[in-house]
Amino acid sequence: MTTPADAVEARLRDLGEFIRDQRRRDRLSLRKLSELAGISNPYLSQIERGLRKPSAEILQGIAKGLRISAETLYVRAGILDEKSDDGGVAEAIAADPTLTDRQKESLLEIYRSFQRESRPAS
């Protein structure tokens with residue numbers, strides 16, 4: 001039986017593999033992407049190996065370095081639900097430099113809970 005911890009580990013491995021694949025696609029070294037993302041080389045290596053859960057801010061830096069949308073990484077990390085109809089709210093929250101990572105995550109959780117409450121029952 002799969003436990004929630006197993007699911008988190010699998011999600012982190014998937015995220016790390018995706019980041020590594022994107023980095024290799026762009027022919028970036030680990031060192032170069034870490035510089036572009038503004039994080040240390042060892043930390044990026046741990047993310048790629050699925051050993052660390054990066055914050056929304058770290059994912060945003062990695063996305064910028066890879067020239068992909070931060071939302072793509074947020075979905076893979078489980079911060080955002082895939083194909084959410086949020087009208088750019090999530091992107092606006094993620095891009096706000098005045099909010100901490102924890103504040104961003106809290107706002108997104110609240111926003112998603114409101115969306116779930118207002119959806120018609122299936």
# chains A, B, ... in the order shown; residues from 1 in each chain; ligands from 1

call {"tool": "residues_around", "arguments": {"residues": "Ala70 (chain A)", "least_positions_apart": "5", "cutoff": "8 Å", "atoms": "only C-alpha atoms", "output": "ChimeraX atom specification"}}
result
/A:59-60,63-64,91

call {"tool": "residues_around", "arguments": {"residues": "Arg23 (chain A)", "least_positions_apart": "3", "cutoff": "12 Å", "atoms": "only C-alpha atoms", "output": "list in words"}}
result
Gly16, Glu17, Phe18, Ile19, Arg20, Asp26, Arg27, Leu28, Ser29, Leu30, Arg31, Lys32, Leu33, Ser34, Leu36, Ala37, Leu44, Ser45, Glu48, Ile62, Ala63, Lys64, Gly65, Leu66, Arg67 and Ile68 of chain A

call {"tool": "select_by_dssp", "arguments": {"residues": "chain A", "states": "helix (DSSP H, G or I)", "output": "ChimeraX atom specification"}}
result
/A:4-25,30-37,41-48,56-66,70-77,89-95,101-118

call {"tool": "closest_residue", "arguments": {"among": "A:Asp101, A:Glu9, A:Asp96, A:Asp14", "to": "Val75 (chain A)", "atoms": "only C-alpha atoms"}}
result
A:Asp14

call {"tool": "decode", "arguments": {"residues": "region 53-87 of chain A", "atoms": "N, CA, C and O atoms", "output": "CSV table (one decimal), in the first residue's frame"}}
result
chain,number,residue,atom,x,y,z
A,53,LYS,N,12.8,19.1,-0.8
A,53,LYS,CA,11.6,19.7,-1.3
A,53,LYS,C,11.8,21.2,-1.4
A,53,LYS,O,11.9,21.9,-0.4
A,54,PRO,N,12.0,21.7,-2.6
A,54,PRO,CA,12.2,23.2,-2.8
A,54,PRO,C,11.0,24.0,-2.5
A,54,PRO,O,9.9,23.6,-2.7
A,55,SER,N,11.3,25.2,-2.0
A,55,SER,CA,10.2,26.2,-1.8
A,55,SER,C,9.7,26.7,-3.1
A,55,SER,O,10.3,26.6,-4.2
A,56,ALA,N,8.6,27.5,-3.1
A,56,ALA,CA,8.0,28.1,-4.3
A,56,ALA,C,9.0,29.1,-4.9
A,56,ALA,O,9.2,29.2,-6.1
A,57,GLU,N,9.7,29.8,-4.0
A,57,GLU,CA,10.7,30.8,-4.4
A,57,GLU,C,11.9,30.1,-5.2
A,57,GLU,O,12.3,30.6,-6.2
A,58,ILE,N,12.3,29.0,-4.6
A,58,ILE,CA,13.4,28.3,-5.3
A,58,ILE,C,13.0,27.7,-6.6
A,58,ILE,O,13.7,27.8,-7.6
A,59,LEU,N,11.8,27.2,-6.7
A,59,LEU,CA,11.2,26.7,-7.9
A,59,LEU,C,11.1,27.8,-9.0
A,59,LEU,O,11.4,27.6,-10.1
A,60,GLN,N,10.7,29.0,-8.5
A,60,GLN,CA,10.6,30.1,-9.4
A,60,GLN,C,12.0,30.5,-10.0
A,60,GLN,O,12.1,30.7,-11.2
A,61,GLY,N,13.0,30.4,-9.2
A,61,GLY,CA,14.4,30.7,-9.7
A,61,GLY,C,14.8,29.6,-10.7
A,61,GLY,O,15.5,30.0,-11.7
A,62,ILE,N,14.5,28.4,-10.4
A,62,ILE,CA,14.9,27.3,-11.3
A,62,ILE,C,14.2,27.5,-12.6
A,62,ILE,O,14.8,27.3,-13.7
A,63,ALA,N,12.9,27.8,-12.5
A,63,ALA,CA,12.1,28.0,-13.7
A,63,ALA,C,12.6,29.1,-14.6
A,63,ALA,O,12.7,29.0,-15.8
A,64,LYS,N,13.0,30.2,-13.9
A,64,LYS,CA,13.6,31.3,-14.6
A,64,LYS,C,14.9,30.9,-15.3
A,64,LYS,O,15.1,31.2,-16.5
A,65,GLY,N,15.7,30.1,-14.6
A,65,GLY,CA,17.0,29.6,-15.2
A,65,GLY,C,16.8,28.7,-16.4
A,65,GLY,O,17.5,28.7,-17.4
A,66,LEU,N,15.7,27.9,-16.3
A,66,LEU,CA,15.4,27.0,-17.4
A,66,LEU,C,14.5,27.6,-18.5
A,66,LEU,O,14.2,27.0,-19.5
A,67,ARG,N,14.0,28.9,-18.3
A,67,ARG,CA,13.2,29.6,-19.2
A,67,ARG,C,11.9,28.8,-19.5
A,67,ARG,O,11.4,28.6,-20.6
A,68,ILE,N,11.3,28.3,-18.3
A,68,ILE,CA,10.0,27.7,-18.4
A,68,ILE,C,9.1,28.4,-17.4
A,68,ILE,O,9.6,29.1,-16.5
A,69,SER,N,7.8,28.1,-17.4
A,69,SER,CA,6.9,28.7,-16.5
A,69,SER,C,7.1,28.1,-15.1
A,69,SER,O,7.2,26.9,-14.9
A,70,ALA,N,7.0,29.0,-14.1
A,70,ALA,CA,7.1,28.5,-12.7
A,70,ALA,C,5.9,27.6,-12.4
A,70,ALA,O,6.0,26.6,-11.6
A,71,GLU,N,4.8,27.9,-13.0
A,71,GLU,CA,3.6,27.1,-12.8
A,71,GLU,C,3.8,25.6,-13.1
A,71,GLU,O,3.3,24.7,-12.4
A,72,THR,N,4.6,25.3,-14.1
A,72,THR,CA,4.9,24.0,-14.5
A,72,THR,C,5.6,23.2,-13.4
A,72,THR,O,5.3,22.1,-13.1
A,73,LEU,N,6.6,23.9,-12.7
A,73,LEU,CA,7.3,23.3,-11.6
A,73,LEU,C,6.4,23.2,-10.4
A,73,LEU,O,6.5,22.3,-9.6
A,74,TYR,N,5.5,24.2,-10.2
A,74,TYR,CA,4.6,24.2,-9.0
A,74,TYR,C,3.7,23.0,-9.1
A,74,TYR,O,3.4,22.4,-8.1
A,75,VAL,N,3.2,22.7,-10.3
A,75,VAL,CA,2.3,21.6,-10.5
A,75,VAL,C,3.0,20.3,-10.2
A,75,VAL,O,2.6,19.4,-9.4
A,76,ARG,N,4.3,20.1,-10.7
A,76,ARG,CA,5.1,18.9,-10.4
A,76,ARG,C,5.4,18.8,-9.0
A,76,ARG,O,5.6,17.7,-8.5
A,77,ALA,N,5.6,19.9,-8.3
A,77,ALA,CA,5.9,19.9,-6.9
A,77,ALA,C,4.7,19.7,-6.0
A,77,ALA,O,4.8,19.5,-4.8
A,78,GLY,N,3.5,19.8,-6.6
A,78,GLY,CA,2.3,19.6,-5.8
A,78,GLY,C,1.8,20.9,-5.1
A,78,GLY,O,0.9,20.9,-4.3
A,79,ILE,N,2.4,22.0,-5.5
A,79,ILE,CA,2.0,23.3,-4.9
A,79,ILE,C,0.7,23.8,-5.6
A,79,ILE,O,-0.1,24.4,-5.0
A,80,LEU,N,0.6,23.5,-6.9
A,80,LEU,CA,-0.6,23.8,-7.6
A,80,LEU,C,-1.2,22.6,-8.2
A,80,LEU,O,-0.5,21.6,-8.5
A,81,ASP,N,-2.6,22.6,-8.4
A,81,ASP,CA,-3.2,21.5,-9.1
A,81,ASP,C,-3.1,21.7,-10.5
A,81,ASP,O,-3.1,22.9,-11.0
A,82,GLU,N,-3.0,20.7,-11.3
A,82,GLU,CA,-2.8,20.7,-12.7
A,82,GLU,C,-4.1,21.3,-13.4
A,82,GLU,O,-5.2,21.0,-12.9
A,83,LYS,N,-3.9,22.1,-14.4
A,83,LYS,CA,-5.0,22.7,-15.1
A,83,LYS,C,-6.0,23.4,-14.3
A,83,LYS,O,-7.2,23.2,-14.5
A,84,SER,N,-5.6,24.2,-13.3
A,84,SER,CA,-6.6,24.9,-12.5
A,84,SER,C,-7.0,26.1,-13.3
A,84,SER,O,-6.3,26.7,-14.0
A,85,ASP,N,-8.3,26.4,-13.1
A,85,ASP,CA,-8.8,27.6,-13.8
A,85,ASP,C,-8.8,28.8,-12.8
A,85,ASP,O,-9.8,29.2,-12.3
A,86,ASP,N,-7.5,29.3,-12.6
A,86,ASP,CA,-7.4,30.3,-11.6
A,86,ASP,C,-7.2,31.7,-12.2
A,86,ASP,O,-7.0,32.7,-11.4
A,87,GLY,N,-7.3,31.9,-13.5
A,87,GLY,CA,-7.3,33.2,-14.1
A,87,GLY,C,-6.0,34.0,-13.8
A,87,GLY,O,-6.0,35.2,-13.7
